[in-house]
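Before any comments, here is the structure.
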Amino acid sequence: MEILTNSLAEKVQKANVELNTHVREMVQWHFDPKTGCPFWLDYASKLDFDPRKEISGFDDLKRLGHFQDEWLRGGPVRKWVPKALADQPVSVFETGGSTGIPKCRININDFKIDYELFSKTLSDEGFPPGSDWLMFGPTGPRRLRLAIEHLAQHRGGIAFFVDLDPRWVNKLIKYQKYEELDAYKNHVVEQGLNILRAHENIRCLFTTPKLLEALCQRISLTQIDIKGIFCGGTEMNAQFHRFAREELVPGIEFVPTYGNTLMGLACHKPFVPADNYAVTYYPPTPRAVFEIVNPDNLDEPVEYGETGRVLLTTLTKEFFVPRFAERDEGERAEPIDLYPWDGVRNLRLFSEYQDTVVVGVY
């Protein structure tokens, strides 16, 4: 089936050239003894080839194998700090811990760069410059907390936060302590309501699907003049997308997003009714790349429209993650004019994890 116009095909080709150039630059950086981090320099010493000489593009990253969860589940965390950045202040961000001991990654400026790029996709009508933000979602040791604050500041605003521990929520769900879960949810919602009532300049909101629904049961976000909602999490599907736009927050700009600690932030395909509320995400290529692959053969891409596991590659000077098998699956989505590279549609928890992983407030 012909899926690319001539114009789009040219954009795809250009994006591929830019990606391959970026891969070469990142491989040179991370495997150079003067600039690379201890982990990748040690890894290279055990290879029978020099990545700087033999990796000339994205497809060649297969020669490095697959990035493993366990590499990030323990210290010393400084093994991930590139030598060229060793004099910079370093932050440590953790994942949610839904698949085991939380993974750690170092961060210097990546979260700022990622969210400044994302900011360019937000309209001034839905997210007015100078407006304040409420982050109504998981905080703690996560990248998201500082990232939302930087996004607000980058757009001239101030960020307010609700103190929320999703790991405690996950434990309550795991042990079926539903009364305590309901009490904690009410406690979190009350915090959000107090902030919204006390600070009249809040016009922008980050939250998750479950928390948005809980908040809307207590207050009309339209009446308090919320203009835009940036919403992410594994509960974001076509059904909730329609529910949010038509019932929860009609008239408010609603922006689904998919982000994680290892990747950064993927943008949603601009909403059009013809998509029937399907949620399609595109990564910030060339800084991050999705491959949608056969779960039984991670080197085999599925066809467009077919379901596969998400394989993530992160390519920044701070952090290099080649071909990491995410906990998510979805349908491989074709390139579009705005994002001329592969995306993922109808993202959800990988089927093999659905009986063992708790996603709590997400």
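Scheme for the structure tokens: letters A, B, ... for chains in order shown; per-chain residue numbers from 1; ligand numbers from 1 in order shown.
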
* Tell me, as a list in words, which residues lie within 7 Å of stretch 297-309 of chain A, counting only C-alpha atoms; anything in the same chain fewer than 4 positions away does not count. =>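 That gives Glu291, Ile292, Val293, Asp328, Glu329, Gly330, Glu331, Arg332, Ala333, Glu334 and Phe350 of chain A.
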
* Residues at most 12 Å from A:Pro270, counting only C-alpha atoms, excluding those fewer than 6 positions away in the same chain, as a PyMOL selection string? -> chain A and resi 121-123+253-257+277-282+336-339

With N, CA and C atoms retained, export the selected residues as a PDB file, in the first residue's frame.
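After the write, again_14.pdb holds the following:
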```pdb
ATOM      1  N   THR A 121       5.654  22.843  20.561  1.00  0.00           N
ATOM      2  CA  THR A 121       4.450  22.215  19.994  1.00  0.00           C
ATOM      3  C   THR A 121       3.170  22.702  20.670  1.00  0.00           C
ATOM      4  N   LEU A 122       3.284  23.455  21.755  1.00  0.00           N
ATOM      5  CA  LEU A 122       2.117  23.934  22.490  1.00  0.00           C
ATOM      6  C   LEU A 122       1.655  25.279  21.957  1.00  0.00           C
ATOM      7  N   SER A 123       0.362  25.448  21.851  1.00  0.00           N
ATOM      8  CA  SER A 123      -0.176  26.722  21.371  1.00  0.00           C
ATOM      9  C   SER A 123      -0.212  27.736  22.501  1.00  0.00           C
ATOM     10  N   GLU A 253      -7.893  22.899  25.700  1.00  0.00           N
ATOM     11  CA  GLU A 253      -6.943  22.224  24.823  1.00  0.00           C
ATOM     12  C   GLU A 253      -6.360  21.015  25.555  1.00  0.00           C
ATOM     13  N   PHE A 254      -6.475  19.855  24.930  1.00  0.00           N
ATOM     14  CA  PHE A 254      -6.096  18.602  25.575  1.00  0.00           C
ATOM     15  C   PHE A 254      -4.964  17.964  24.776  1.00  0.00           C
ATOM     16  N   VAL A 255      -3.818  17.776  25.411  1.00  0.00           N
ATOM     17  CA  VAL A 255      -2.619  17.302  24.717  1.00  0.00           C
ATOM     18  C   VAL A 255      -2.130  15.995  25.352  1.00  0.00           C
ATOM     19  N   PRO A 256      -2.419  14.841  24.724  1.00  0.00           N
ATOM     20  CA  PRO A 256      -1.864  13.584  25.230  1.00  0.00           C
ATOM     21  C   PRO A 256      -0.367  13.507  24.955  1.00  0.00           C
ATOM     22  N   THR A 257       0.379  12.934  25.884  1.00  0.00           N
ATOM     23  CA  THR A 257       1.811  12.750  25.676  1.00  0.00           C
ATOM     24  C   THR A 257       2.262  11.443  26.316  1.00  0.00           C
ATOM     25  N   TYR A 277     -10.153   9.254  17.568  1.00  0.00           N
ATOM     26  CA  TYR A 277      -9.569   9.412  18.899  1.00  0.00           C
ATOM     27  C   TYR A 277      -8.401   8.464  19.176  1.00  0.00           C
ATOM     28  N   ALA A 278      -7.911   7.783  18.154  1.00  0.00           N
ATOM     29  CA  ALA A 278      -6.715   6.957  18.348  1.00  0.00           C
ATOM     30  C   ALA A 278      -5.571   7.844  18.833  1.00  0.00           C
ATOM     31  N   VAL A 279      -4.757   7.317  19.731  1.00  0.00           N
ATOM     32  CA  VAL A 279      -3.651   8.072  20.309  1.00  0.00           C
ATOM     33  C   VAL A 279      -2.351   7.575  19.680  1.00  0.00           C
ATOM     34  N   THR A 280      -1.667   8.459  18.958  1.00  0.00           N
ATOM     35  CA  THR A 280      -0.448   8.101  18.240  1.00  0.00           C
ATOM     36  C   THR A 280       0.687   9.013  18.683  1.00  0.00           C
ATOM     37  N   TYR A 281       1.793   8.407  19.098  1.00  0.00           N
ATOM     38  CA  TYR A 281       2.931   9.168  19.608  1.00  0.00           C
ATOM     39  C   TYR A 281       4.135   9.053  18.682  1.00  0.00           C
ATOM     40  N   TYR A 282       4.875  10.164  18.597  1.00  0.00           N
ATOM     41  CA  TYR A 282       6.116  10.205  17.822  1.00  0.00           C
ATOM     42  C   TYR A 282       7.256  10.677  18.721  1.00  0.00           C
ATOM     43  N   ILE A 336       4.436  10.904   9.429  1.00  0.00           N
ATOM     44  CA  ILE A 336       3.540  11.960   8.969  1.00  0.00           C
ATOM     45  C   ILE A 336       4.392  13.192   8.653  1.00  0.00           C
ATOM     46  N   ASP A 337       3.799  14.185   8.028  1.00  0.00           N
ATOM     47  CA  ASP A 337       4.562  15.375   7.625  1.00  0.00           C
ATOM     48  C   ASP A 337       5.254  16.040   8.809  1.00  0.00           C
ATOM     49  N   LEU A 338       4.548  16.152   9.928  1.00  0.00           N
ATOM     50  CA  LEU A 338       5.106  16.826  11.091  1.00  0.00           C
ATOM     51  C   LEU A 338       6.213  16.011  11.740  1.00  0.00           C
ATOM     52  N   TYR A 339       6.046  14.702  11.715  1.00  0.00           N
ATOM     53  CA  TYR A 339       7.020  13.779  12.316  1.00  0.00           C
ATOM     54  C   TYR A 339       7.344  12.685  11.298  1.00  0.00           C
TER      55      TYR A 339
END
```

* To do: Mind the document's chain letters and residue numbers, and return as an MDAnalysis selection string the residues of stretch 73-206 of chain A that DSSP labels strand (DSSP E or B).
  => chainID A and resid 91:94 104:107 132:136 159:161 202:206

Counting only C-alpha atoms, what is within 10 Å of A:Ile158, bar same-chain residues fewer than 5 positions away, as a compact mmCIF listing (two decimals) with N, CA and C atoms, in the first residue's frame?
```txt
# COMPACT_ATOMS: atom_id res chain seq x y z
N GLY A 130 3.33 33.07 30.38
CA GLY A 130 3.14 33.82 31.61
C GLY A 130 2.16 33.19 32.57
N SER A 131 1.44 32.16 32.12
CA SER A 131 0.50 31.49 33.00
C SER A 131 1.22 30.52 33.92
N ASP A 132 0.63 30.30 35.09
CA ASP A 132 1.19 29.34 36.03
C ASP A 132 0.64 27.95 35.75
N TRP A 133 1.33 26.95 36.27
CA TRP A 133 1.01 25.54 36.04
C TRP A 133 0.77 24.82 37.36
N LEU A 134 -0.08 23.80 37.29
CA LEU A 134 -0.19 22.83 38.38
C LEU A 134 0.23 21.47 37.85
N ILE A 148 8.48 19.49 34.43
CA ILE A 148 7.28 20.35 34.37
C ILE A 148 7.61 21.73 34.91
N GLU A 149 8.40 21.80 35.96
CA GLU A 149 8.79 23.10 36.49
C GLU A 149 9.58 23.90 35.45
N HIS A 150 10.48 23.23 34.75
CA HIS A 150 11.25 23.93 33.73
C HIS A 150 10.34 24.37 32.57
N LEU A 151 9.39 23.51 32.19
CA LEU A 151 8.46 23.87 31.12
C LEU A 151 7.68 25.13 31.50
N ALA A 152 7.18 25.17 32.74
CA ALA A 152 6.45 26.35 33.20
C ALA A 152 7.34 27.59 33.17
N GLN A 153 8.56 27.45 33.68
CA GLN A 153 9.47 28.59 33.71
C GLN A 153 9.86 29.03 32.30
N ASN A 201 -3.83 32.41 38.98
CA ASN A 201 -3.16 32.53 37.68
C ASN A 201 -2.84 31.18 37.05
N ILE A 202 -3.23 30.09 37.68
CA ILE A 202 -2.98 28.77 37.10
C ILE A 202 -3.91 28.56 35.91
```

* Enter the distance from atom CA of A:Ala15 to atom CA of A:Lys62, in Å, rounded to one decimal. =>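 Those two atoms sit 19.5 Å apart.
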
* Asked: What residues in stretch 30-243 of chain A get the DSSP label helix (DSSP H, G or I)? Please answer as a ChimeraX atom specification.
  -> /A:30-31,38-45,51-54,58-64,69-72,77-80,83-85,110-119,143-154,166-174,178-198,209-216,238-243

Output of the above residues as a short mmCIF file (atom, residue, chain, number, x, y, z; two decimals), in the first residue's frame, restricted to C-alpha atoms:
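Wrote it out as again.cif, contents follow:
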```cif
data_model
loop_
_atom_site.label_atom_id
_atom_site.label_comp_id
_atom_site.auth_asym_id
_atom_site.auth_seq_id
_atom_site.Cartn_x
_atom_site.Cartn_y
_atom_site.Cartn_z
CA HIS A 30 30.28 7.93 24.01
CA PHE A 31 33.12 5.63 22.93
CA PRO A 38 33.12 4.63 32.23
CA PHE A 39 30.32 2.17 31.46
CA TRP A 40 30.51 2.46 27.67
CA LEU A 41 34.30 2.65 27.60
CA ASP A 42 34.44 -0.58 29.59
CA TYR A 43 31.79 -2.12 27.34
CA ALA A 44 33.80 -1.22 24.24
CA SER A 45 36.95 -2.82 25.66
CA PRO A 51 32.25 1.17 17.46
CA ARG A 52 33.74 4.51 16.38
CA LYS A 53 35.03 2.90 13.21
CA GLU A 54 32.31 0.42 12.35
CA PHE A 58 21.30 3.61 13.04
CA ASP A 59 21.04 0.05 11.70
CA ASP A 60 24.60 -0.65 12.83
CA LEU A 61 23.59 -0.18 16.47
CA LYS A 62 22.40 -3.81 16.36
CA ARG A 63 26.04 -4.78 16.72
CA LEU A 64 25.98 -3.45 20.29
CA ASP A 69 17.33 -3.18 32.59
CA GLU A 70 19.77 -4.46 35.16
CA TRP A 71 22.51 -2.07 34.05
CA LEU A 72 20.53 0.77 35.63
CA VAL A 77 25.77 5.90 39.21
CA ARG A 78 28.84 7.92 38.20
CA LYS A 79 29.71 5.19 35.71
CA TRP A 80 27.12 6.85 33.45
CA LYS A 83 34.02 12.37 31.12
CA ALA A 84 33.45 15.51 29.08
CA LEU A 85 30.57 16.47 31.41
CA ASP A 110 18.48 16.67 28.83
CA PHE A 111 15.20 17.27 30.64
CA LYS A 112 15.44 20.99 29.88
CA ILE A 113 16.22 20.42 26.20
CA ASP A 114 13.42 17.85 25.83
CA TYR A 115 10.78 20.08 27.37
CA GLU A 116 11.90 23.18 25.51
CA LEU A 117 11.42 21.21 22.29
CA PHE A 118 8.01 20.07 23.52
CA SER A 119 7.10 23.65 24.40
CA ARG A 143 12.43 13.50 36.04
CA LEU A 144 8.86 14.70 35.53
CA ARG A 145 8.83 16.97 38.56
CA LEU A 146 11.78 19.12 37.45
CA ALA A 147 10.74 18.86 33.80
CA ILE A 148 7.28 20.35 34.37
CA GLU A 149 8.79 23.10 36.49
CA HIS A 150 11.25 23.93 33.73
CA LEU A 151 8.46 23.87 31.12
CA ALA A 152 6.45 26.35 33.20
CA GLN A 153 9.47 28.59 33.71
CA HIS A 154 10.44 28.38 30.04
CA PRO A 166 2.75 6.48 43.15
CA ARG A 167 4.81 3.69 44.68
CA TRP A 168 2.55 3.80 47.74
CA VAL A 169 -0.49 3.71 45.46
CA ASN A 170 0.93 0.65 43.70
CA LYS A 171 1.40 -1.14 47.03
CA LEU A 172 -2.17 -0.37 48.10
CA ILE A 173 -3.44 -1.83 44.82
CA LYS A 174 -1.17 -4.87 45.05
CA TYR A 178 -8.95 -0.28 48.50
CA GLU A 179 -10.28 1.79 51.42
CA GLU A 180 -6.79 3.17 52.05
CA LEU A 181 -6.38 3.70 48.32
CA ASP A 182 -9.58 5.73 48.18
CA ALA A 183 -8.52 7.78 51.21
CA TYR A 184 -5.13 8.52 49.65
CA LYS A 185 -6.73 9.50 46.35
CA ASN A 186 -9.04 11.91 48.18
CA HIS A 187 -6.04 13.32 50.05
CA VAL A 188 -4.22 13.96 46.77
CA VAL A 189 -7.29 15.53 45.14
CA GLU A 190 -7.75 17.84 48.13
CA GLN A 191 -4.18 19.06 47.71
CA GLY A 192 -4.87 19.86 44.07
CA LEU A 193 -8.10 21.66 44.89
CA ASN A 194 -6.39 23.76 47.56
CA ILE A 195 -3.76 24.91 45.08
CA LEU A 196 -6.29 25.71 42.36
CA ARG A 197 -8.45 27.72 44.77
CA ALA A 198 -5.52 29.66 46.21
CA PRO A 209 -5.91 10.16 33.11
CA LYS A 210 -7.03 8.70 36.44
CA LEU A 211 -6.17 11.83 38.37
CA LEU A 212 -7.83 14.09 35.81
CA GLU A 213 -11.06 12.15 36.13
CA ALA A 214 -10.90 12.29 39.94
CA LEU A 215 -10.25 16.04 39.89
CA CYS A 216 -13.10 16.69 37.46
CA ALA A 238 -8.83 6.11 22.58
CA GLN A 239 -11.72 5.63 25.00
CA PHE A 240 -10.29 8.02 27.58
CA HIS A 241 -9.19 10.44 24.86
CA ARG A 242 -12.79 10.75 23.67
CA PHE A 243 -14.11 10.91 27.24
#
```

* Quick one: everything within 7 Å of A:His66, counting only C-alpha atoms, minus sequence neighbours fewer than 2 positions away in the same chain. Send it as a list in words. => Leu64, Gln68, Pro322, Arg323 and Phe324 of chain A

* Structure fact -> As a check of understanding: the span from atom CA of A:Arg105 to atom CA of A:Leu262 is 7.2 Å

* **Residue nearest A:Cys231 - candidates A:Gly36, A:Asp296, A:Met135, A:Lys11, atoms counted: only C-alpha atoms** => A:Met135

* Asked: Of the candidates A:Pro82, A:Pro340, A:Pro129, A:Gly259, which one gets nearest to A:Trp29 if we count only C-alpha atoms?
  ->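 Once distances to A:Trp29 are computed over only C-alpha atoms, the minimum belongs to A:Pro82.
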
* **Using only C-alpha atoms: which of A:Asn109, A:Asn294, A:Ser7, A:Asn20 has the shortest distance to A:Glu318** =>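 Nearest to A:Glu318: A:Asn109.
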
* **Residue nearest A:Gly343 - candidates A:Ala266, A:Pro295, A:Lys103, A:Ala274, atoms counted: only C-alpha atoms** =>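 Going through A:Ala266, A:Pro295, A:Lys103, A:Ala274 one by one, the smallest distance to A:Gly343 is for A:Ala266.
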
* **Point-to-point distance in Å for atom CA of A:Pro33 and atom CA of A:Gln88** => 17.9 Å
